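Text of the file target_9.pdb, holding PDB, C-alpha atoms:
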ATOM      1  CA  MET A   1      -5.189   4.605 -71.893
ATOM      2  CA  THR A   2      -2.741   2.998 -74.275
ATOM      3  CA  ALA A   3      -3.472   1.969 -77.808
ATOM      4  CA  ASN A   4      -3.427  -1.674 -76.697
ATOM      5  CA  SER A   5      -6.001  -1.170 -73.878
ATOM      6  CA  ASN A   6      -9.598  -2.206 -74.437
ATOM      7  CA  PRO A   7     -12.817  -0.946 -72.793
ATOM      8  CA  SER A   8     -13.416  -4.216 -70.912
ATOM      9  CA  GLU A   9     -10.013  -3.965 -69.138
ATOM     10  CA  GLN A  10     -10.702  -0.347 -68.158
ATOM     11  CA  GLN A  11     -14.101  -1.280 -66.734
ATOM     12  CA  ASN A  12     -12.637  -4.102 -64.654
ATOM     13  CA  THR A  13     -10.091  -1.786 -63.016
ATOM     14  CA  THR A  14     -12.607   0.963 -62.118
ATOM     15  CA  PHE A  15     -13.107   1.356 -58.297
ATOM     16  CA  SER A  16     -16.405   3.135 -57.627
ATOM     17  CA  MET A  17     -17.536   4.920 -54.429
ATOM     18  CA  ASP A  18     -19.903   2.018 -53.762
ATOM     19  CA  ASP A  19     -16.956  -0.363 -53.901
ATOM     20  CA  PHE A  20     -15.067   1.868 -51.471
ATOM     21  CA  ALA A  21     -17.962   1.960 -49.024
ATOM     22  CA  GLN A  22     -18.358  -1.794 -49.232
ATOM     23  CA  ALA A  23     -14.631  -2.312 -48.641
ATOM     24  CA  LEU A  24     -14.725   0.052 -45.652
ATOM     25  CA  GLU A  25     -17.694  -1.823 -44.205
ATOM     26  CA  GLN A  26     -15.885  -5.119 -44.734
ATOM     27  CA  GLU A  27     -12.783  -3.720 -43.023
ATOM     28  CA  GLN A  28     -14.850  -2.670 -40.013
ATOM     29  CA  TYR A  29     -16.594  -6.019 -39.912
ATOM     30  CA  ASP A  30     -13.254  -7.828 -39.956
ATOM     31  CA  TYR A  31     -11.868  -5.652 -37.138
ATOM     32  CA  HIS A  32     -11.445  -8.096 -34.250
ATOM     33  CA  PHE A  33     -11.653  -6.979 -30.621
ATOM     34  CA  ASN A  34     -10.216  -9.475 -28.175
ATOM     35  CA  LYS A  35     -11.064  -9.766 -24.498
ATOM     36  CA  GLY A  36      -8.367  -8.283 -22.282
ATOM     37  CA  GLU A  37      -7.163  -5.767 -24.866
ATOM     38  CA  ILE A  38      -7.105  -2.019 -24.245
ATOM     39  CA  VAL A  39      -8.760   0.164 -26.881
ATOM     40  CA  LYS A  40      -9.375   3.875 -27.324
ATOM     41  CA  GLY A  41     -12.808   5.231 -28.084
ATOM     42  CA  LYS A  42     -14.910   8.394 -28.098
ATOM     43  CA  VAL A  43     -18.094   8.670 -26.049
ATOM     44  CA  PHE A  44     -21.086   9.646 -28.209
ATOM     45  CA  GLN A  45     -24.209   8.615 -26.285
ATOM     46  CA  HIS A  46     -25.467   8.242 -22.692
ATOM     47  CA  ASP A  47     -28.532   6.335 -21.583
ATOM     48  CA  SER A  48     -29.938   4.981 -18.334
ATOM     49  CA  SER A  49     -27.995   1.729 -18.594
ATOM     50  CA  GLY A  50     -24.573   2.951 -19.677
ATOM     51  CA  VAL A  51     -22.454   4.676 -22.293
ATOM     52  CA  TYR A  52     -21.931   4.041 -26.004
ATOM     53  CA  VAL A  53     -18.439   4.498 -27.395
ATOM     54  CA  ASP A  54     -17.138   4.681 -30.944
ATOM     55  CA  ILE A  55     -14.134   2.340 -31.105
ATOM     56  CA  GLY A  56     -14.042   2.008 -34.897
ATOM     57  CA  GLY A  57     -15.898  -1.274 -35.161
ATOM     58  CA  LYS A  58     -19.056  -2.404 -36.929
ATOM     59  CA  SER A  59     -21.067  -1.410 -33.870
ATOM     60  CA  PRO A  60     -20.262   0.893 -30.954
ATOM     61  CA  GLY A  61     -18.732  -0.404 -27.769
ATOM     62  CA  PHE A  62     -20.893  -0.335 -24.643
ATOM     63  CA  VAL A  63     -19.894   0.533 -21.081
ATOM     64  CA  PRO A  64     -22.453  -0.552 -18.431
ATOM     65  CA  LEU A  65     -22.887   1.898 -15.547
ATOM     66  CA  SER A  66     -21.333  -0.628 -13.182
ATOM     67  CA  GLU A  67     -18.158  -0.603 -15.310
ATOM     68  CA  ALA A  68     -17.827   3.164 -15.737
ATOM     69  CA  SER A  69     -15.613   3.717 -12.675
ATOM     70  CA  TRP A  70     -14.244   1.912  -9.608
ATOM     71  CA  GLN A  71     -16.133   4.470  -7.519
ATOM     72  CA  ASN A  72     -19.909   4.850  -7.216
ATOM     73  CA  VAL A  73     -21.267   6.842 -10.157
ATOM     74  CA  THR A  74     -23.972   9.433  -9.537
ATOM     75  CA  ASN A  75     -23.686  11.318 -12.820
ATOM     76  CA  ILE A  76     -22.247   9.405 -15.768
ATOM     77  CA  ALA A  77     -21.629  12.639 -17.682
ATOM     78  CA  ASP A  78     -19.085  13.680 -15.059
ATOM     79  CA  ILE A  79     -17.193  10.407 -15.419
ATOM     80  CA  LEU A  80     -17.437   9.891 -19.186
ATOM     81  CA  PRO A  81     -18.468  13.164 -20.864
ATOM     82  CA  LEU A  82     -19.700  13.207 -24.472
ATOM     83  CA  HIS A  83     -17.201  13.609 -27.316
ATOM     84  CA  GLU A  84     -14.235  12.821 -25.059
ATOM     85  CA  GLU A  85     -11.792  10.001 -25.833
ATOM     86  CA  PHE A  86     -10.757   7.441 -23.204
ATOM     87  CA  GLU A  87      -9.036   4.105 -22.894
ATOM     88  CA  PHE A  88     -11.184   1.041 -22.124
ATOM     89  CA  LEU A  89     -10.589  -2.601 -21.307
ATOM     90  CA  ILE A  90     -12.499  -5.129 -23.433
ATOM     91  CA  ILE A  91     -14.349  -7.440 -21.012
ATOM     92  CA  LYS A  92     -16.579  -9.185 -23.576
ATOM     93  CA  GLU A  93     -15.901  -9.771 -27.250
ATOM     94  CA  GLN A  94     -18.262  -8.931 -30.114
ATOM     95  CA  ASP A  95     -21.777 -10.312 -29.936
ATOM     96  CA  SER A  96     -23.933 -11.166 -32.955
ATOM     97  CA  GLU A  97     -24.480  -7.454 -33.558
ATOM     98  CA  GLY A  98     -20.777  -6.747 -33.418
ATOM     99  CA  GLN A  99     -21.034  -4.895 -30.104
ATOM    100  CA  VAL A 100     -18.139  -5.062 -27.659
ATOM    101  CA  LYS A 101     -18.549  -4.678 -23.880
ATOM    102  CA  LEU A 102     -16.057  -2.273 -22.343
ATOM    103  CA  SER A 103     -14.934  -1.294 -18.845
ATOM    104  CA  ARG A 104     -13.190   1.638 -17.257
ATOM    105  CA  ARG A 105     -13.529   0.124 -13.778
ATOM    106  CA  GLN A 106     -11.555  -3.007 -14.581
ATOM    107  CA  LEU A 107      -8.967  -0.968 -16.461
ATOM    108  CA  PHE A 108      -8.440   1.107 -13.314
ATOM    109  CA  ILE A 109      -8.178  -2.071 -11.242
ATOM    110  CA  GLU A 110      -5.575  -3.625 -13.539
ATOM    111  CA  GLN A 111      -3.547  -0.424 -13.414
ATOM    112  CA  ALA A 112      -3.950  -0.264  -9.626
ATOM    113  CA  TRP A 113      -2.510  -3.790  -9.283
ATOM    114  CA  ASP A 114       0.457  -2.853 -11.462
ATOM    115  CA  ASN A 115       1.052   0.321  -9.423
ATOM    116  CA  LEU A 116       0.805  -1.534  -6.120
ATOM    117  CA  ILE A 117       3.314  -4.182  -7.199
ATOM    118  CA  GLU A 118       5.735  -1.429  -8.195
ATOM    119  CA  ILE A 119       5.176   0.307  -4.838
ATOM    120  CA  GLN A 120       5.964  -2.936  -3.003
ATOM    121  CA  GLU A 121       9.139  -3.477  -5.021
ATOM    122  CA  LYS A 122      10.343   0.060  -4.266
ATOM    123  CA  GLY A 123       9.298  -0.049  -0.601
ATOM    124  CA  LYS A 124       7.129   3.045  -0.898
ATOM    125  CA  VAL A 125       4.206   4.037   1.324
ATOM    126  CA  VAL A 126       0.544   3.718   0.267
ATOM    127  CA  GLN A 127      -2.572   5.327   1.705
ATOM    128  CA  MET A 128      -5.448   2.999   2.628
ATOM    129  CA  LEU A 129      -8.930   4.418   3.270
ATOM    130  CA  VAL A 130     -10.392   2.455   6.194
ATOM    131  CA  THR A 131     -13.905   1.219   5.383
ATOM    132  CA  GLY A 132     -14.460  -1.378   8.090
ATOM    133  CA  VAL A 133     -13.027  -3.172  11.109
ATOM    134  CA  ASN A 134     -13.076  -6.671  12.572
ATOM    135  CA  ARG A 135     -11.391  -8.502  15.440
ATOM    136  CA  GLY A 136      -8.332  -9.208  13.308
ATOM    137  CA  GLY A 137      -7.636  -5.678  12.082
ATOM    138  CA  VAL A 138      -8.952  -3.059   9.655
ATOM    139  CA  ILE A 139     -10.235  -3.317   6.076
ATOM    140  CA  GLY A 140      -9.916  -0.617   3.457
ATOM    141  CA  GLN A 141      -9.556   0.484  -0.155
ATOM    142  CA  ILE A 142      -6.552   1.447  -2.265
ATOM    143  CA  ASP A 143      -7.658   2.775  -5.668
ATOM    144  CA  GLY A 144     -10.555   0.332  -5.745
ATOM    145  CA  LEU A 145      -8.594  -2.636  -4.384
ATOM    146  CA  ARG A 146      -9.574  -4.235  -1.072
ATOM    147  CA  ALA A 147      -6.765  -4.333   1.479
ATOM    148  CA  PHE A 148      -6.269  -5.446   5.074
ATOM    149  CA  ILE A 149      -3.990  -4.405   7.952
ATOM    150  CA  PRO A 150      -3.751  -7.002  10.759
ATOM    151  CA  ARG A 151      -4.088  -5.769  14.338
ATOM    152  CA  SER A 152      -0.475  -6.691  15.095
ATOM    153  CA  HIS A 153       0.688  -4.486  12.198
ATOM    154  CA  LEU A 154      -1.263  -1.376  13.221
ATOM    155  CA  ILE A 155       0.149   1.594  15.097
ATOM    156  CA  GLU A 156      -3.272   2.062  16.757
ATOM    157  CA  LYS A 157      -4.128  -1.314  18.292
ATOM    158  CA  ASP A 158      -7.040  -0.469  20.585
ATOM    159  CA  ASP A 159      -9.856   1.762  19.326
ATOM    160  CA  PHE A 160     -10.423   0.524  15.759
ATOM    161  CA  GLU A 161     -13.750   2.297  15.297
ATOM    162  CA  LYS A 162     -12.136   5.719  15.287
ATOM    163  CA  LEU A 163     -10.049   4.665  12.269
ATOM    164  CA  ILE A 164     -13.088   4.304   9.960
ATOM    165  CA  ASP A 165     -13.035   6.869   7.114
ATOM    166  CA  GLN A 166      -9.429   7.729   7.949
ATOM    167  CA  SER A 167      -6.567   7.343   5.489
ATOM    168  CA  LEU A 168      -3.766   5.242   6.978
ATOM    169  CA  PRO A 169      -0.197   5.235   5.644
ATOM    170  CA  ALA A 170       1.286   1.751   5.335
ATOM    171  CA  ASN A 171       3.777  -0.429   3.523
ATOM    172  CA  VAL A 172       2.813  -3.406   1.353
ATOM    173  CA  LEU A 173       3.495  -6.636   3.229
ATOM    174  CA  GLN A 174       1.949  -9.221   0.878
ATOM    175  CA  ILE A 175       0.276  -9.228  -2.565
ATOM    176  CA  ASP A 176      -1.521 -12.153  -4.184
ATOM    177  CA  ARG A 177      -3.104 -10.920  -7.400
ATOM    178  CA  GLY A 178      -4.698 -14.250  -8.210
ATOM    179  CA  GLN A 179      -6.448 -14.397  -4.829
ATOM    180  CA  ASN A 180      -7.199 -10.631  -4.727
ATOM    181  CA  LYS A 181      -5.276 -10.483  -1.463
ATOM    182  CA  ILE A 182      -3.437  -7.400  -0.199
ATOM    183  CA  VAL A 183      -1.942  -7.248   3.289
ATOM    184  CA  LEU A 184      -0.376  -4.032   4.587
ATOM    185  CA  THR A 185       1.755  -3.145   7.605
ATOM    186  CA  GLN A 186       2.507  -0.031   9.633
ATOM    187  CA  ARG A 187       5.396  -1.630  11.514
ATOM    188  CA  ASP A 188       8.089  -0.040   9.379
ATOM    189  CA  LEU A 189       6.449   3.379   9.787
ATOM    190  CA  ALA A 190       6.249   2.945  13.537
ATOM    191  CA  ARG A 191       9.889   1.889  13.622
ATOM    192  CA  SER A 192      10.978   4.903  11.549
ATOM    193  CA  ALA A 193       8.990   7.289  13.765
ATOM    194  CA  ALA A 194      10.415   5.746  16.923
ATOM    195  CA  MET A 195      13.959   5.863  15.559
ATOM    196  CA  THR A 196      13.707   9.607  14.945
ATOM    197  CA  ASN A 197      12.732  10.127  18.597
ATOM    198  CA  LEU A 198      15.762   8.241  19.930
ATOM    199  CA  GLN A 199      19.141   9.859  20.415
ATOM    200  CA  GLU A 200      22.346   8.282  21.614
ATOM    201  CA  GLY A 201      23.372   9.352  25.092
ATOM    202  CA  GLU A 202      19.851  10.316  26.185
ATOM    203  CA  VAL A 203      17.412   8.877  28.736
ATOM    204  CA  VAL A 204      14.237   7.382  27.243
ATOM    205  CA  GLN A 205      11.269   5.588  28.752
ATOM    206  CA  GLY A 206       9.939   2.321  27.406
ATOM    207  CA  LYS A 207       8.143  -0.884  28.301
ATOM    208  CA  VAL A 208       9.697  -4.261  29.015
ATOM    209  CA  VAL A 209       8.347  -6.669  26.385
ATOM    210  CA  LYS A 210      10.673  -9.667  26.635
ATOM    211  CA  ILE A 211      13.092 -11.127  29.177
ATOM    212  CA  GLN A 212      15.885 -13.429  28.002
ATOM    213  CA  PRO A 213      18.820 -14.960  29.924
ATOM    214  CA  TYR A 214      21.179 -12.507  28.180
ATOM    215  CA  GLY A 215      19.110  -9.338  28.584
ATOM    216  CA  VAL A 216      15.834  -7.430  28.497
ATOM    217  CA  PHE A 217      14.036  -6.024  25.431
ATOM    218  CA  VAL A 218      12.470  -2.599  25.895
ATOM    219  CA  ASP A 219       9.845  -1.276  23.456
ATOM    220  CA  PHE A 220       9.574   2.402  22.537
ATOM    221  CA  GLY A 221       6.308   2.351  20.605
ATOM    222  CA  GLY A 222       7.141   0.261  17.570
ATOM    223  CA  ILE A 223      10.843  -0.349  18.054
ATOM    224  CA  ALA A 224      12.693  -2.404  20.675
ATOM    225  CA  GLY A 225      16.176  -2.055  22.125
ATOM    226  CA  LEU A 226      18.270  -4.536  24.058
ATOM    227  CA  LEU A 227      19.306  -3.865  27.630
ATOM    228  CA  HIS A 228      22.067  -6.466  27.844
ATOM    229  CA  ILE A 229      22.667  -8.134  31.207
ATOM    230  CA  LYS A 230      26.174  -6.633  31.288
ATOM    231  CA  GLN A 231      24.675  -3.141  30.899
ATOM    232  CA  ILE A 232      22.115  -3.423  33.705
ATOM    233  CA  SER A 233      24.382  -3.096  36.739
ATOM    234  CA  GLU A 234      27.931  -3.486  37.999
ATOM    235  CA  GLY A 235      26.469  -5.816  40.615
ATOM    236  CA  GLN A 236      25.904  -9.544  40.272
ATOM    237  CA  ILE A 237      22.534 -10.580  38.771
ATOM    238  CA  SER A 238      21.305 -14.093  39.521
ATOM    239  CA  ALA A 239      18.091 -13.926  37.471
ATOM    240  CA  LEU A 240      16.674 -11.093  35.346
ATOM    241  CA  SER A 241      13.129 -12.102  36.253
ATOM    242  CA  ASN A 242      13.925 -10.937  39.798
ATOM    243  CA  VAL A 243      14.793  -7.475  38.498
ATOM    244  CA  PHE A 244      12.251  -6.845  35.707
ATOM    245  CA  LYS A 245       8.647  -7.774  34.913
ATOM    246  CA  ILE A 246       6.933  -7.928  31.507
ATOM    247  CA  GLY A 247       4.947  -4.726  30.893
ATOM    248  CA  GLU A 248       6.959  -2.708  33.387
ATOM    249  CA  GLU A 249       7.853   0.895  32.472
ATOM    250  CA  VAL A 250      11.581   1.597  32.736
ATOM    251  CA  LYS A 251      13.994   4.415  31.999
ATOM    252  CA  VAL A 252      17.174   3.539  30.122
ATOM    253  CA  VAL A 253      20.054   5.313  28.428
ATOM    254  CA  VAL A 254      20.509   4.833  24.668
ATOM    255  CA  LEU A 255      24.093   3.680  24.192
ATOM    256  CA  GLU A 256      24.121   3.049  20.443
ATOM    257  CA  ILE A 257      21.774   3.118  17.447
ATOM    258  CA  ASP A 258      22.985   0.882  14.619
ATOM    259  CA  GLU A 259      20.584   1.402  11.706
ATOM    260  CA  ILE A 260      22.550  -0.927   9.438
ATOM    261  CA  LYS A 261      22.240  -3.860  11.843
ATOM    262  CA  ASN A 262      18.824  -2.613  12.995
ATOM    263  CA  ARG A 263      19.981  -2.714  16.608
ATOM    264  CA  ILE A 264      19.587  -0.398  19.611
ATOM    265  CA  SER A 265      21.818  -0.911  22.654
ATOM    266  CA  LEU A 266      20.646   0.321  26.067
ATOM    267  CA  SER A 267      22.090   0.750  29.530
ATOM    268  CA  THR A 268      21.071   1.414  33.135
ATOM    269  CA  LYS A 269      24.528   0.668  34.507
ATOM    270  CA  VAL A 270      25.727   4.144  33.479
ATOM    271  CA  LEU A 271      23.189   5.649  35.910
ATOM    272  CA  GLU A 272      24.696   3.953  38.965
ATOM    273  CA  ILE A 273      26.645   6.022  41.497
ATOM    274  CA  TYR A 274      28.224   2.882  42.936
ATOM    275  CA  PRO A 275      28.364  -0.761  41.705
ATOM    276  CA  GLY A 276      25.119  -2.630  42.286
ATOM    277  CA  GLU A 277      23.058   0.482  43.124
ATOM    278  CA  PHE A 278      20.489  -0.299  40.414
ATOM    279  CA  LEU A 279      19.793  -3.695  41.987
ATOM    280  CA  GLU A 280      19.436  -2.217  45.474
ATOM    281  CA  LYS A 281      17.581   1.039  44.664
ATOM    282  CA  LYS A 282      16.027   0.485  41.265
ATOM    283  CA  ASP A 283      13.032   2.797  41.840
ATOM    284  CA  LEU A 284      15.244   5.654  43.001
ATOM    285  CA  VAL A 285      17.567   5.233  40.011
ATOM    286  CA  MET A 286      14.532   5.335  37.687
ATOM    287  CA  GLU A 287      13.079   8.457  39.337
ATOM    288  CA  THR A 288      16.335  10.383  39.134
ATOM    289  CA  ALA A 289      17.622   8.991  35.815
ATOM    290  CA  GLU A 290      17.723  12.295  33.908
ATOM    291  CA  GLN A 291      19.569  14.140  36.711
ATOM    292  CA  ARG A 292      22.029  11.292  37.172
ATOM    293  CA  LEU A 293      22.903  11.309  33.469
ATOM    294  CA  ALA A 294      23.234  15.103  33.438
ATOM    295  CA  ASP A 295      25.582  14.973  36.423
ATOM    296  CA  LYS A 296      27.759  12.350  34.718
ATOM    297  CA  LYS A 297      27.935  14.423  31.521
ATOM    298  CA  ALA A 298      28.884  17.496  33.552
ATOM    299  CA  LYS A 299      31.744  15.643  35.219
ATOM    300  CA  ILE A 300      33.064  14.488  31.837
ATOM    301  CA  ASN A 301      32.966  18.024  30.438
TER
END
With the file now loaded, output its structure as structure tokens.
Amino acid sequence: MTANSNPSEQQNTTFSMDDFAQALEQEQYDYHFNKGEIVKGKVFQHDSSGVYVDIGGKSPGFVPLSEASWQNVTNIADILPLHEEFEFLIIKEQDSEGQVKLSRRQLFIEQAWDNLIEIQEKGKVVQMLVTGVNRGGVIGQIDGLRAFIPRSHLIEKDDFEKLIDQSLPANVLQIDRGQNKIVLTQRDLARSAAMTNLQEGEVVQGKVVKIQPYGVFVDFGGIAGLLHIKQISEGQISALSNVFKIGEEVKVVVLEIDEIKNRISLSTKVLEIYPGEFLEKKDLVMETAEQRLADKKAKIN
């Protein structure tokens, strides 16, 4: 204290413990928690309706049982143990008592959406747990999010029931966060698997799925190759519909696999012993395809 100070000035500048406590209480009271924000808090109490969390406010935050996890909760202590700190999403701002409603479930869901969007952008594979089926495809869960794989995008297209409770790998086809819509596809996986089973210069068996004026498309379980009209036979072909039928099983030789252009070129002409043999003796050529190709390779070598 200086010689010029007086007792009244000293008293006015004194900050007591009561003042400190009041200021701390005021600071807590003025602490605003906004809906949609993420906060950290420590669990300090469980009861039959939920969990109480210290988040530094006037009153504790509250997590209803339904918001504790995206999965069904049987024992809340296993999900949110006492004295442990977690992140929570604010789903309801302070009430008249200053209490804030919190959620772990919705925090997980928001993070799951972000992860799924990143997976789609990078073209990665996700795992969907199948929970139900309908005429259009299968329904499932990805980290709490509901997803759907249409029948036409499934590898297994017949017995849907056996897929329930199975985890299916798939790529993300469509995401609409606002509509809570997630559509997946297994087409790319089927194509990749089929591509690994194909080798240039080998005989493979497939199914005719489309007939065009310029050639026939043959499917190998998720991937199709083109048997061009010029690669069918050395003989003259008046109409491809007279040679092939949709759904027919055929053996063909893989001429070229162009992964960049996503194109597979096929041939049956290389199996002919004489020009036009395939058109005259198609069944025989099919039955002996492997031996015919081996004989041709042996002659070349």
Quiz item: Residues at most 8 Å from Gln205 in chain A, counting only C-alpha atoms, excluding those fewer than 3 positions away in the same chain, as a list in words?
Solution: Phe220, Glu249, Val250, Lys251 and Val252 of chain A
Quick one: apply the PyMOL selection byres ((chain A and resi 262-276) around 10) to the file and drop the selected residues here as a compact mmCIF listing (two decimals) with C-alpha atoms, in the coordinates of the input.
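Produced file part_4.txt, reproduced below:
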# COMPACT_ATOMS: atom_id res chain seq x y z
CA MET A 195 13.96 5.86 15.56
CA LEU A 198 15.76 8.24 19.93
CA GLU A 200 22.35 8.28 21.61
CA GLY A 201 23.37 9.35 25.09
CA VAL A 203 17.41 8.88 28.74
CA VAL A 204 14.24 7.38 27.24
CA VAL A 216 15.83 -7.43 28.50
CA PHE A 217 14.04 -6.02 25.43
CA VAL A 218 12.47 -2.60 25.90
CA ILE A 223 10.84 -0.35 18.05
CA ALA A 224 12.69 -2.40 20.68
CA GLY A 225 16.18 -2.06 22.12
CA LEU A 226 18.27 -4.54 24.06
CA LEU A 227 19.31 -3.86 27.63
CA HIS A 228 22.07 -6.47 27.84
CA ILE A 229 22.67 -8.13 31.21
CA LYS A 230 26.17 -6.63 31.29
CA GLN A 231 24.68 -3.14 30.90
CA ILE A 232 22.12 -3.42 33.70
CA SER A 233 24.38 -3.10 36.74
CA GLU A 234 27.93 -3.49 38.00
CA GLY A 235 26.47 -5.82 40.62
CA GLN A 236 25.90 -9.54 40.27
CA ILE A 237 22.53 -10.58 38.77
CA VAL A 250 11.58 1.60 32.74
CA LYS A 251 13.99 4.42 32.00
CA VAL A 252 17.17 3.54 30.12
CA VAL A 253 20.05 5.31 28.43
CA VAL A 254 20.51 4.83 24.67
CA LEU A 255 24.09 3.68 24.19
CA GLU A 256 24.12 3.05 20.44
CA ILE A 257 21.77 3.12 17.45
CA ASP A 258 22.98 0.88 14.62
CA GLU A 259 20.58 1.40 11.71
CA ILE A 260 22.55 -0.93 9.44
CA LYS A 261 22.24 -3.86 11.84
CA GLU A 277 23.06 0.48 43.12
CA PHE A 278 20.49 -0.30 40.41
CA LEU A 279 19.79 -3.70 41.99
CA GLU A 280 19.44 -2.22 45.47
CA LYS A 281 17.58 1.04 44.66
CA LYS A 282 16.03 0.48 41.26
CA VAL A 285 17.57 5.23 40.01
CA MET A 286 14.53 5.34 37.69
CA THR A 288 16.34 10.38 39.13
CA ALA A 289 17.62 8.99 35.82
CA GLU A 290 17.72 12.30 33.91
CA GLN A 291 19.57 14.14 36.71
CA ARG A 292 22.03 11.29 37.17
CA LEU A 293 22.90 11.31 33.47
CA ALA A 294 23.23 15.10 33.44
CA ASP A 295 25.58 14.97 36.42
CA LYS A 296 27.76 12.35 34.72
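Going from CA of Val53 in chain A over to CA of Glu87 in chain A, you cover 10.4 Å.
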Quiz item: Near range 111-127 of chain A, counting all atoms listed in the file, which residues have an atom at most 6 Å away, once you skip same-chain residues fewer than 5 positions from it, shown as a VMD selection string?
Solution: chain A and resid 167 to 172
Practice problem: For each of A:Ile91, A:Glu287, A:Gly222, A:Asp176, take the minimum atom-to-atom distance to His153 in chain A, counting all atoms listed in the file, then give the residue where this is smallest. | Solution: A:Gly222
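Distances here use all atoms listed in the file; by that measure, the residue among A:Ile164, A:Leu107, A:Ala298, A:Ala190 closest to Glu67 in chain A is A:Leu107.
Taken over the whole file, the PyMOL selection byres ((chain A and resi 239) around 10) covers exactly Gln212, Pro213, Tyr214, Ile229, Gln236, Ile237, Ser238, Leu240, Ser241, Asn242, Val243 and Phe244 of chain A.
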Self-check item: Exercise: residues within 10 Å of coordinate (-14.7, -2.3, -6.4), counting all atoms listed in the file, as a ChimeraX atom specification
Solution: /A:66-67,69-72,105-106,108-109,141-146
Quiz item: Neighbours of Pro150 in chain A within 7 Å (all atoms listed in the file; same-chain residues fewer than 3 positions away dropped), as a VMD selection string?
Solution: chain A and resid 136 to 138 153 to 154
